[in-house]
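**Q** Dropping in protein-v7.txt, with compact mmCIF, C-alpha atoms.
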# COMPACT_ATOMS: atom_id res chain seq x y z
CA MET A 1015 -39.13 -55.75 -39.11
CA THR A 1016 -40.97 -58.69 -40.70
CA ASN A 1017 -37.86 -60.86 -40.41
CA SER A 1018 -37.45 -60.12 -36.71
CA ILE A 1019 -38.27 -62.69 -34.06
CA LYS A 1020 -41.23 -61.38 -32.05
CA VAL A 1021 -41.09 -62.13 -28.32
CA LEU A 1022 -43.36 -61.49 -25.37
CA ALA A 1023 -41.37 -61.79 -22.13
CA ALA A 1024 -41.96 -61.55 -18.39
CA GLY A 1025 -40.92 -58.16 -17.05
CA SER A 1026 -38.49 -59.71 -14.57
CA LEU A 1027 -36.35 -60.85 -17.52
CA ARG A 1028 -35.75 -57.31 -18.79
CA ARG A 1029 -32.25 -56.94 -17.28
CA ALA A 1030 -31.03 -60.21 -18.81
CA TRP A 1031 -32.79 -59.82 -22.14
CA ALA A 1032 -30.70 -57.10 -23.78
CA PRO A 1033 -27.38 -58.98 -23.40
CA LEU A 1034 -29.11 -62.22 -24.45
CA CYS A 1035 -30.46 -60.67 -27.64
CA GLU A 1036 -27.19 -58.88 -28.42
CA ALA A 1037 -25.24 -62.12 -28.08
CA PHE A 1038 -27.83 -63.95 -30.20
CA GLN A 1039 -27.60 -61.32 -32.95
CA ASP A 1040 -23.80 -61.41 -32.88
CA LYS A 1041 -23.87 -65.17 -33.33
CA THR A 1042 -26.72 -65.58 -35.83
CA GLY A 1043 -27.51 -62.15 -37.26
CA GLY A 1044 -31.11 -62.63 -36.15
CA LYS A 1045 -32.94 -59.61 -34.78
CA VAL A 1046 -35.33 -59.79 -31.84
CA VAL A 1047 -38.24 -57.46 -31.01
CA THR A 1048 -39.44 -57.90 -27.43
CA GLU A 1049 -42.35 -56.56 -25.41
CA PHE A 1050 -42.33 -57.04 -21.63
CA GLY A 1051 -45.19 -57.40 -19.19
CA PRO A 1052 -46.79 -59.61 -16.52
CA ALA A 1053 -46.66 -63.15 -17.89
CA GLY A 1054 -50.32 -63.93 -17.18
CA LEU A 1055 -51.50 -60.93 -19.17
CA LEU A 1056 -49.09 -61.76 -22.01
CA ARG A 1057 -50.44 -65.32 -22.16
CA GLU A 1058 -53.96 -63.96 -22.50
CA ARG A 1059 -52.88 -61.89 -25.49
CA ILE A 1060 -51.47 -64.97 -27.22
CA GLU A 1061 -54.61 -66.96 -26.42
CA GLN A 1062 -56.68 -64.16 -27.95
CA GLY A 1063 -54.78 -64.50 -31.22
CA GLU A 1064 -51.73 -62.25 -31.06
CA LYS A 1065 -48.96 -63.72 -33.20
CA VAL A 1066 -45.60 -64.22 -31.48
CA ASP A 1067 -42.61 -66.43 -32.15
CA LEU A 1068 -41.49 -66.96 -28.55
CA PHE A 1069 -43.04 -66.42 -25.12
CA ALA A 1070 -40.71 -66.26 -22.09
CA SER A 1071 -42.72 -66.77 -18.92
CA ALA A 1072 -41.80 -66.51 -15.24
CA ASN A 1073 -43.60 -69.81 -14.66
CA THR A 1074 -44.30 -73.07 -16.45
CA ALA A 1075 -48.10 -72.95 -16.19
CA HIS A 1076 -48.66 -70.27 -18.82
CA PRO A 1077 -46.44 -71.86 -21.52
CA LEU A 1078 -47.96 -75.30 -20.85
CA ALA A 1079 -51.46 -73.82 -21.18
CA LEU A 1080 -50.52 -72.41 -24.59
CA GLN A 1081 -49.11 -75.77 -25.64
CA GLN A 1082 -52.29 -77.51 -24.53
CA HIS A 1083 -54.34 -75.12 -26.67
CA GLY A 1084 -52.13 -75.72 -29.71
CA LYS A 1085 -50.46 -72.30 -29.58
CA ALA A 1086 -46.94 -73.52 -28.66
CA LEU A 1087 -44.79 -76.09 -30.45
CA GLU A 1088 -42.67 -76.90 -27.39
CA VAL A 1089 -42.04 -75.78 -23.82
CA ASP A 1090 -38.65 -75.69 -22.07
CA VAL A 1091 -37.65 -74.66 -18.54
CA PHE A 1092 -34.73 -72.25 -19.00
CA CYS A 1093 -33.89 -70.65 -15.63
CA GLY A 1094 -35.01 -70.15 -12.05
CA ASN A 1095 -35.52 -67.44 -9.46
CA SER A 1096 -36.64 -67.08 -5.84
CA LEU A 1097 -38.09 -64.42 -3.52
CA CYS A 1098 -36.57 -61.77 -1.28
CA VAL A 1099 -37.94 -59.00 0.94
CA THR A 1100 -37.04 -55.33 0.40
CA ALA A 1101 -37.80 -52.69 3.06
CA ARG A 1102 -37.23 -48.99 3.65
CA LYS A 1103 -33.99 -48.73 5.63
CA GLY A 1104 -34.34 -47.24 9.10
CA PRO A 1105 -33.74 -47.78 12.84
CA GLU A 1106 -37.10 -49.55 13.19
CA LEU A 1107 -35.63 -52.49 11.24
CA GLU A 1108 -33.01 -53.18 13.90
CA LYS A 1109 -33.33 -56.66 15.45
CA LEU A 1110 -36.11 -57.59 13.00
CA ASN A 1111 -35.73 -60.57 10.67
CA TRP A 1112 -37.43 -60.92 7.29
CA LEU A 1113 -40.63 -62.45 8.76
CA ASN A 1114 -40.91 -59.85 11.52
CA VAL A 1115 -40.62 -57.16 8.87
CA LEU A 1116 -43.45 -58.68 6.81
CA LEU A 1117 -45.75 -59.05 9.82
CA ASP A 1118 -45.01 -55.72 11.51
CA SER A 1119 -48.22 -53.65 11.52
CA ARG A 1120 -46.22 -50.42 11.11
CA PHE A 1121 -45.16 -51.37 7.59
CA ARG A 1122 -47.32 -51.34 4.46
CA LEU A 1123 -46.60 -54.51 2.49
CA ALA A 1124 -46.82 -54.51 -1.31
CA THR A 1125 -46.72 -57.47 -3.70
CA SER A 1126 -47.31 -58.31 -7.33
CA THR A 1127 -50.79 -59.37 -8.41
CA PRO A 1128 -51.55 -63.13 -8.25
CA GLN A 1129 -52.87 -64.76 -11.46
CA SER A 1130 -51.80 -61.80 -13.62
CA ASP A 1131 -48.15 -61.92 -12.52
CA PRO A 1132 -46.32 -65.12 -11.47
CA SER A 1133 -44.38 -63.14 -8.86
CA GLY A 1134 -47.68 -62.65 -7.08
CA ASP A 1135 -48.47 -66.37 -7.37
CA TYR A 1136 -45.10 -67.30 -5.88
CA THR A 1137 -45.65 -64.79 -3.07
CA TRP A 1138 -49.01 -66.35 -2.20
CA GLN A 1139 -47.34 -69.78 -2.18
CA MET A 1140 -44.81 -68.37 0.30
CA PHE A 1141 -47.69 -67.13 2.47
CA GLU A 1142 -48.99 -70.72 2.48
CA LEU A 1143 -45.61 -71.99 3.70
CA ILE A 1144 -45.61 -69.34 6.43
CA GLU A 1145 -49.16 -70.27 7.44
CA ARG A 1146 -48.18 -73.93 7.91
CA ARG A 1147 -45.36 -73.03 10.29
CA HIS A 1148 -47.04 -70.05 11.98
CA PRO A 1149 -50.86 -70.50 11.94
CA GLY A 1150 -52.57 -67.19 11.30
CA ALA A 1151 -49.46 -65.43 10.00
CA GLY A 1152 -49.90 -66.38 6.36
CA GLU A 1153 -53.54 -65.34 6.45
CA ALA A 1154 -52.55 -62.02 8.03
CA LEU A 1155 -50.08 -61.40 5.22
CA ARG A 1156 -52.66 -62.21 2.54
CA ASN A 1157 -55.03 -59.73 4.16
CA LYS A 1158 -52.52 -56.89 4.50
CA ALA A 1159 -50.77 -57.28 1.14
CA LEU A 1160 -51.33 -54.42 -1.30
CA ARG A 1161 -51.29 -55.83 -4.85
CA LEU A 1162 -49.71 -52.81 -6.49
CA VAL A 1163 -47.90 -54.15 -9.57
CA GLY A 1164 -48.45 -56.68 -12.33
CA GLY A 1165 -52.23 -56.40 -12.57
CA ALA A 1166 -54.35 -55.31 -15.52
CA LYS A 1167 -55.10 -51.99 -13.80
CA SER A 1168 -51.83 -51.54 -11.90
CA ALA A 1169 -49.83 -48.34 -12.37
CA LYS A 1170 -46.87 -48.94 -14.66
CA VAL A 1171 -43.45 -49.06 -13.03
CA PRO A 1172 -41.43 -46.16 -14.52
CA GLU A 1173 -38.84 -47.05 -17.15
CA GLY A 1174 -35.50 -47.97 -15.62
CA LYS A 1175 -36.92 -48.43 -12.11
CA LEU A 1176 -37.35 -51.64 -10.13
CA ALA A 1177 -40.80 -52.21 -8.61
CA ALA A 1178 -39.50 -52.47 -5.03
CA GLU A 1179 -37.38 -49.34 -5.40
CA TRP A 1180 -40.15 -47.32 -7.02
CA LEU A 1181 -42.92 -48.32 -4.59
CA ILE A 1182 -40.84 -47.80 -1.46
CA CYS A 1183 -38.95 -44.67 -2.48
CA SER A 1184 -42.13 -42.99 -3.81
CA GLY A 1185 -43.91 -43.66 -0.51
CA GLN A 1186 -46.52 -46.13 -1.79
CA ALA A 1187 -45.27 -48.97 0.44
CA ASP A 1188 -42.68 -49.75 3.10
CA VAL A 1189 -41.96 -53.38 2.19
CA PHE A 1190 -42.08 -55.33 -1.08
CA ILE A 1191 -41.76 -59.04 -1.88
CA GLY A 1192 -40.05 -59.61 -5.22
CA TYR A 1193 -37.48 -61.64 -7.11
CA THR A 1194 -33.99 -62.37 -5.77
CA SER A 1195 -32.53 -61.64 -9.22
CA TYR A 1196 -33.00 -57.93 -8.37
CA ALA A 1197 -31.35 -58.15 -4.92
CA ALA A 1198 -27.86 -57.02 -5.98
CA LEU A 1199 -29.24 -53.94 -7.75
CA LEU A 1200 -31.56 -53.09 -4.86
CA ARG A 1201 -28.67 -53.28 -2.39
CA GLU A 1202 -26.95 -50.49 -4.33
CA ASN A 1203 -29.68 -48.12 -3.09
CA ASP A 1204 -28.73 -46.80 0.35
CA ALA A 1205 -32.39 -46.20 1.20
CA LEU A 1206 -33.24 -49.89 0.99
CA GLU A 1207 -32.58 -53.01 3.06
CA VAL A 1208 -32.84 -56.42 1.36
CA PHE A 1209 -33.59 -59.55 3.39
CA ASN A 1210 -32.96 -63.07 2.10
CA VAL A 1211 -35.81 -65.54 2.64
CA PRO A 1212 -34.61 -68.89 4.06
CA ALA A 1213 -34.88 -71.85 1.70
CA ASP A 1214 -37.50 -73.67 3.78
CA TYR A 1215 -39.85 -70.68 3.42
CA ASN A 1216 -38.85 -69.67 -0.08
CA VAL A 1217 -40.46 -70.65 -3.38
CA ARG A 1218 -38.47 -71.61 -6.46
CA ALA A 1219 -39.68 -69.81 -9.56
CA ARG A 1220 -39.32 -71.94 -12.69
CA TYR A 1221 -39.18 -69.89 -15.90
CA ALA A 1222 -40.21 -71.55 -19.17
CA LEU A 1223 -40.09 -70.75 -22.89
CA ALA A 1224 -43.03 -71.44 -25.16
CA THR A 1225 -41.71 -71.70 -28.72
CA CYS A 1226 -44.72 -70.68 -30.80
CA THR A 1227 -43.28 -70.79 -34.34
CA GLU A 1228 -40.35 -72.33 -36.20
CA LYS A 1229 -38.87 -68.82 -36.41
CA GLY A 1230 -38.62 -68.72 -32.61
CA LYS A 1231 -36.65 -71.96 -32.32
CA PRO A 1232 -33.12 -70.58 -32.89
CA LEU A 1233 -33.59 -68.01 -30.11
CA ALA A 1234 -34.97 -70.64 -27.73
CA GLU A 1235 -32.01 -72.90 -28.49
CA PHE A 1236 -29.59 -70.03 -27.86
CA ILE A 1237 -31.18 -69.21 -24.49
CA LEU A 1238 -30.86 -72.88 -23.50
CA SER A 1239 -27.23 -73.01 -24.68
CA GLU A 1240 -24.21 -72.63 -22.42
CA THR A 1241 -23.73 -69.02 -23.58
CA GLY A 1242 -27.35 -68.10 -22.93
CA GLN A 1243 -27.30 -69.76 -19.52
CA HIS A 1244 -24.15 -67.87 -18.56
CA ILE A 1245 -25.81 -64.54 -19.43
CA LEU A 1246 -28.87 -65.41 -17.33
CA GLN A 1247 -26.74 -66.40 -14.35
CA ASN A 1248 -24.81 -63.13 -14.61
CA ALA A 1249 -28.16 -61.34 -14.31
CA GLY A 1250 -28.96 -63.12 -11.03
CA PHE A 1251 -30.98 -66.12 -12.23
CA CYS A 1252 -30.38 -69.80 -11.48
CA GLY A 1253 -29.41 -71.95 -14.45
CA LYS A 1254 -31.80 -74.48 -15.96
CA HIS A 1255 -29.84 -77.46 -14.62
CA SER A 1256 -30.12 -76.41 -10.98
CA VAL A 1257 -33.85 -75.84 -11.41
CA MET A 1258 -34.46 -79.15 -13.18
CA GLN A 1259 -32.63 -81.10 -10.45
CA GLU A 1260 -34.98 -79.87 -7.70
Written as structure tokens, that's how I'd like the structure from this file.
**A**
Amino acid sequence: MTNSIKVLAAGSLRRAWAPLCEAFQDKTGGKVVTEFGPAGLLRERIEQGEKVDLFASANTAHPLALQQHGKALEVDVFCGNSLCVTARKGPELEKLNWLNVLLDSRFRLATSTPQSDPSGDYTWQMFELIERRHPGAGEALRNKALRLVGGAKSAKVPEGKLAAEWLICSGQADVFIGYTSYAALLRENDALEVFNVPADYNVRARYALATCTEKGKPLAEFILSETGQHILQNAGFCGKHSVMQE
């Protein structure tokens, strides 16, 4: 496996990654070995000396930090995402909008873990936007949020399960804030209701690649290519051009 390209990638990319790597191998013959996890924890591993060829992060801050410390040759934004709200389907949701669902004291709200997982950071940014428009509401959400995934000590989401689906259907939470790229899959589960978050409350996630070695460059270039972008958009992500124009 010494000739393989070693990648550490944000867990939210898992669904898009297999078709990306298959298409890359078909085109170049290059093999890719990928490990997924919360981007903040992956960045720490690279900073502590783990050798990787490419790091695919759910934000720009972690790749830029690696570049600043001399552990990345270049950094490129390659796609975008946003947030949605998933809840356990039931009659109590009737006449409630996404914000009512988050604030309702009957529902246990779960999130990813800020600092360890960019999804948690984006969620906390959304709470700030809510606080500005509804004083006290954002603070209430910060206080009630259960940080159940993406942390160093968080239970691992079972293989093949989405965090929102697993937490809600296993009874650990009633509501989860996560990425919109999962919305179509979550809506296939009859036990779940997915709410879109309006643009003026939502937060745009900007995903970036840190190319750490020359060996990682061909894969980075493929992900940024028209073919790579098409695969990412099919998996529910926004293309790099729409993100860069914001």
**Q** With the cut-off set at 7 Å and counting only C-alpha atoms, tabulate each residue of segment 1130-1215 of chain A with an atom at most that distance from an atom of segment 1114-1124 of chain A, showing the nearest atom pair and its distance in Å to one decimal, ordered by chain and increasing number, as a tab-separated table.
**A**
residue	atom	partner	partner_atom	distance
A:Leu1155	CA	A:Leu1117	CA	6.7
A:Lys1158	CA	A:Leu1123	CA	6.7
A:Ala1159	CA	A:Leu1123	CA	5.2
A:Leu1160	CA	A:Ala1124	CA	4.5
A:Arg1161	CA	A:Ala1124	CA	5.9
A:Leu1162	CA	A:Ala1124	CA	6.2
A:Ala1187	CA	A:Arg1122	CA	5.1
A:Asp1188	CA	A:Arg1122	CA	5.1
A:Val1189	CA	A:Leu1123	CA	4.8
A:Phe1190	CA	A:Ala1124	CA	4.8
A:Ile1191	CA	A:Ala1124	CA	6.8
**Q** Quick one, how far is atom CA of Phe1069 of chain A from atom CA of Cys1226 of chain A?
**A**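 So the two atoms, atom CA of Phe1069 of chain A and atom CA of Cys1226 of chain A, lie 7.3 Å apart.
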**Q** Which one is closest to Asn1095 of chain A: A:Asn1210, A:Ala1072, A:Glu1202, A:Gln1129? Count all atoms listed in the file.
**A** A:Ala1072
**Q** Which residue is closest to Ala1079 of chain A? Choose from A:Gly1054, A:Pro1033, A:Gly1165, A:Pro1105 and count all atoms listed in the file.
**A** A:Gly1054
**Q** Could you list, as a ChimeraX atom specification, every residue within 9 Å of Phe1038 of chain A, counting all atoms listed in the file and ignoring same-chain residues fewer than 5 positions away?
**A** /A:1033,1043-1046,1232-1233,1236-1237,1242
**Q** Up to 12 Å from (-48.0, -68.5, 7.1) in the file's coordinates: name the residues, counting all atoms listed in the file, as a list in words.
**A**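 Returned residue set, sorted by chain then number, is Leu1113, Leu1116, Leu1117, Thr1137, Trp1138, Gln1139, Met1140, Phe1141, Glu1142, Leu1143, Ile1144, Glu1145, Arg1146, Arg1147, His1148, Pro1149, Gly1150, Ala1151, Gly1152, Glu1153, Ala1154, Leu1155, Arg1156, Asn1157, Tyr1215 and Asn1216 of chain A.
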**Q** So which residues touch Leu1176 of chain A within 9 Å, counting all atoms listed in the file, skipping near sequence neighbours fewer than 4 positions away, as a list in words?
**A**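 The residues satisfying every condition are Val1171, Pro1172, Trp1180, Leu1181, Tyr1196, Leu1199 and Leu1200 of chain A.
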**Q** Can you work out which one of A:Gly1134, A:Val1091, A:Leu1206, A:Ala1024 has the shortest atom-to-atom distance to Ala1070 of chain A, counting all atoms listed in the file?
**A**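 For Ala1070 of chain A, the nearest of the given residues is A:Ala1024.
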**Q** Give me the residues within 10 Å of Ser1133 of chain A as a short mmCIF file (atom, residue, chain, number, x, y, z; two decimals) with C-alpha atoms, in the frame of the given file, counting only C-alpha atoms and dropping any in the same chain fewer than 6 places off.
**A**
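File written: out.cif
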data_model
loop_
_atom_site.label_atom_id
_atom_site.label_comp_id
_atom_site.auth_asym_id
_atom_site.auth_seq_id
_atom_site.Cartn_x
_atom_site.Cartn_y
_atom_site.Cartn_z
CA ALA A 1024 -41.96 -61.55 -18.39
CA SER A 1026 -38.49 -59.71 -14.57
CA PRO A 1052 -46.79 -59.61 -16.52
CA ALA A 1053 -46.66 -63.15 -17.89
CA ALA A 1072 -41.80 -66.51 -15.24
CA ASN A 1073 -43.60 -69.81 -14.66
CA ASN A 1095 -35.52 -67.44 -9.46
CA SER A 1096 -36.64 -67.08 -5.84
CA LEU A 1097 -38.09 -64.42 -3.52
CA THR A 1125 -46.72 -57.47 -3.70
CA SER A 1126 -47.31 -58.31 -7.33
CA THR A 1127 -50.79 -59.37 -8.41
CA GLN A 1139 -47.34 -69.78 -2.18
CA VAL A 1163 -47.90 -54.15 -9.57
CA GLY A 1164 -48.45 -56.68 -12.33
CA ILE A 1191 -41.76 -59.04 -1.88
CA GLY A 1192 -40.05 -59.61 -5.22
CA TYR A 1193 -37.48 -61.64 -7.11
CA ALA A 1219 -39.68 -69.81 -9.56
#
**Q** Within 10 Å of Leu1078 of chain A, counting all atoms listed in the file, which residues qualify if same-chain residues fewer than 5 places away don't, as a PyMOL selection string?
**A** chain A and resi 1073+1083-1086+1088-1090+1222-1224
**Q** Just give me the gap between atom CA of His1255 of chain A and atom CA of Gly1094 of chain A in Å, one decimal is fine.
**A**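 For atom CA of His1255 of chain A relative to atom CA of Gly1094 of chain A, the distance reads 9.3 Å.
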**Q** Give me, as a PyMOL selection string, all polymer residues having an atom no more than 10 Å from Gln1247 of chain A, counting only C-alpha atoms and skipping those fewer than 6 positions away in the same chain.
**A** chain A and resi 1030+1093-1094+1195+1253-1254
**Q** For atom CA of Pro1212 of chain A and atom CA of Lys1109 of chain A, determine how far apart the two atoms are, in Å to one decimal place.
**A**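 If I compute the distance from atom CA of Pro1212 of chain A to atom CA of Lys1109 of chain A, I get 16.8 Å.
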**Q** Just need the box for segment 1185-1200 of chain A, edges along x, y and z, holding every atom the file lists for it with 5 Å tacked onto each side, so centre and edge lengths in Å to one decimal, as lines of an AutoDock Vina configuration file.
**A**
center_x = -37.2
center_y = -53.0
center_z = -3.1
size_x = 28.7
size_y = 28.7
size_z = 22.3
**Q** Counting all atoms listed in the file, which of A:Ala1075, A:Leu1238, A:Leu1022, A:Val1066 gets nearest to Phe1050 of chain A?
**A**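 Checking each of A:Ala1075, A:Leu1238, A:Leu1022, A:Val1066 against Phe1050 of chain A, counting all atoms listed in the file, the winner is A:Leu1022.
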**Q** Select, from A:Glu1106, A:Asp1135, A:Asp1204, A:Glu1036, the residue with the minimum atom-to-atom distance to Arg1218 of chain A, counting all atoms listed in the file.
**A** A:Asp1135
**Q** For Val1208 of chain A, which residue among A:Thr1194, A:Glu1061, A:Ser1130, A:Cys1035 is the nearest when counting all atoms listed in the file?
**A** A:Thr1194
